[in-house]
Amino acid sequence: MKQIDPAIKKETVYIALVVLILSALMESVYLIIGRWDLSVLFGNLLGASAGILNFFFMGLGLQKALGKDSKQAKTTVSFSHTMRYLMMAAVIVVASLAEPIGLIPAIISLVFPTVGIFMRTFMIKKAGKEEVEE
């Protein structure tokens, strides 16, 4: 097996930090509105973990596809995409069926990596504009 690309590690750590911050914020909101209980914590842990793993596996899938011909790369990325969606579906099923896990916090936590990706994209675009202006 190939080494994990340092860029994948770096971006996964970034996503994990964003997810951690947003998870703490979500827990705080639930606490402030008086709706916090252990199901919120467990749902958050499940969703956040699955979201981070999904991002990491996406990076691994793309790394694996690099260097392959177009058809093989497309198949590799498609397989990765399918497996990651099945993982997300399993998380939602588990959250909806397991009593101590909150479904809504789990679903909200699954979105946190996407927020991190958009934030990162915005920061890169902003940094690029600042370099052009200088």
# chains A, B, ... in the order shown; residues from 1 in each chain; ligands from 1

call {"tool": "residues_around", "arguments": {"residues": "Ala24 of chain A", "least_positions_apart": "2", "cutoff": "12 Å", "atoms": "only C-alpha atoms", "output": "ChimeraX atom specification"}}
result
/A:17-22,26-31,40-41,44-45,48,105,109,112

call {"tool": "write_last_selection", "arguments": {"atoms": "C-alpha atoms", "output": "compact mmCIF listing (two decimals), in the first residue's frame"}}
result
# COMPACT_ATOMS: atom_id res chain seq x y z
CA LEU A 17 -10.53 20.90 13.61
CA VAL A 18 -13.45 22.61 11.87
CA VAL A 19 -15.73 19.72 12.82
CA LEU A 20 -14.53 19.90 16.43
CA ILE A 21 -15.25 23.64 16.63
CA LEU A 22 -18.67 23.33 14.99
CA MET A 26 -23.76 22.79 18.29
CA GLU A 27 -23.47 21.23 21.75
CA SER A 28 -23.49 24.74 23.25
CA VAL A 29 -26.62 25.70 21.34
CA TYR A 30 -28.41 22.57 22.53
CA LEU A 31 -27.30 23.36 26.10
CA VAL A 40 -27.11 14.93 21.35
CA LEU A 41 -23.56 14.03 22.37
CA ASN A 44 -22.71 14.44 17.35
CA LEU A 45 -19.88 11.96 17.94
CA ALA A 48 -18.73 14.01 13.18
CA PRO A 105 -27.43 15.97 15.80
CA SER A 109 -22.67 16.80 12.24
CA PHE A 112 -19.77 20.02 9.22

call {"tool": "residues_around", "arguments": {"residues": "Pro6 of chain A", "least_positions_apart": "5", "cutoff": "12 Å", "atoms": "only C-alpha atoms", "output": "ChimeraX atom specification"}}
result
/A:11-13,56,59-60,63

call {"tool": "closest_residue", "arguments": {"among": "A:Ala95, A:Met88, A:Ile101, A:Ile108", "to": "Leu53 of chain A", "atoms": "only C-alpha atoms"}}
result
A:Met88

call {"tool": "residues_around", "arguments": {"residues": "Met119 of chain A", "least_positions_apart": "4", "cutoff": "12 Å", "atoms": "only C-alpha atoms", "output": "VMD selection string"}}
result
chain A and resid 14 to 15 18 to 19 112 to 115 123 to 126

call {"tool": "residues_around", "arguments": {"residues": "Met87 of chain A", "least_positions_apart": "3", "cutoff": "12 Å", "atoms": "only C-alpha atoms", "output": "PDB file with C-alpha atoms, in the first residue's frame"}}
result
ATOM      1  CA  LEU A  46     -21.277   9.511  15.390  1.00  0.00           C
ATOM      2  CA  GLY A  47     -21.977  12.094  12.704  1.00  0.00           C
ATOM      3  CA  SER A  49     -16.624  10.838  13.108  1.00  0.00           C
ATOM      4  CA  ALA A  50     -18.379   9.588   9.993  1.00  0.00           C
ATOM      5  CA  GLY A  51     -17.993  12.972   8.289  1.00  0.00           C
ATOM      6  CA  ILE A  52     -14.263  13.113   8.980  1.00  0.00           C
ATOM      7  CA  LEU A  53     -13.801   9.518   7.826  1.00  0.00           C
ATOM      8  CA  ASN A  54     -15.817  10.258   4.694  1.00  0.00           C
ATOM      9  CA  PHE A  55     -13.504  13.155   3.856  1.00  0.00           C
ATOM     10  CA  PHE A  57     -11.660   8.165   2.398  1.00  0.00           C
ATOM     11  CA  MET A  58     -12.490  10.618  -0.384  1.00  0.00           C
ATOM     12  CA  SER A  80     -15.078   5.218  -3.596  1.00  0.00           C
ATOM     13  CA  HIS A  81     -18.066   7.522  -3.984  1.00  0.00           C
ATOM     14  CA  THR A  82     -20.536   4.629  -3.743  1.00  0.00           C
ATOM     15  CA  MET A  83     -18.873   3.128  -0.670  1.00  0.00           C
ATOM     16  CA  ARG A  84     -18.775   6.489   1.088  1.00  0.00           C
ATOM     17  CA  ALA A  90     -25.485   3.339   7.458  1.00  0.00           C
ATOM     18  CA  VAL A  91     -24.744   6.182   9.872  1.00  0.00           C
ATOM     19  CA  ILE A  92     -28.224   7.634   9.345  1.00  0.00           C
ATOM     20  CA  VAL A  93     -29.838   4.221   9.816  1.00  0.00           C
ATOM     21  CA  VAL A  94     -27.875   3.585  13.006  1.00  0.00           C
ATOM     22  CA  LEU A 110     -22.426  15.067   8.874  1.00  0.00           C
TER      23      LEU A 110
END

call {"tool": "atom_distance", "arguments": {"atom1": "atom CA of Leu38 of chain A", "atom2": "atom CA of Pro100 of chain A"}}
result
6.9 Å

call {"tool": "atom_distance", "arguments": {"atom1": "atom CA of Lys9 of chain A", "atom2": "atom CA of Leu62 of chain A"}}
result
13.2 Å

call {"tool": "atom_distance", "arguments": {"atom1": "atom CA of Ser78 of chain A", "atom2": "atom CA of Gly61 of chain A"}}
result
9.0 Å

call {"tool": "closest_residue", "arguments": {"among": "A:Ala98, A:Leu86, A:Val77, A:Ala16", "to": "Gly116 of chain A", "atoms": "only C-alpha atoms"}}
result
A:Ala16

call {"tool": "closest_residue", "arguments": {"among": "A:Ala73, A:Arg120, A:Ser23, A:Phe79", "to": "Ile107 of chain A", "atoms": "only C-alpha atoms"}}
result
A:Ser23
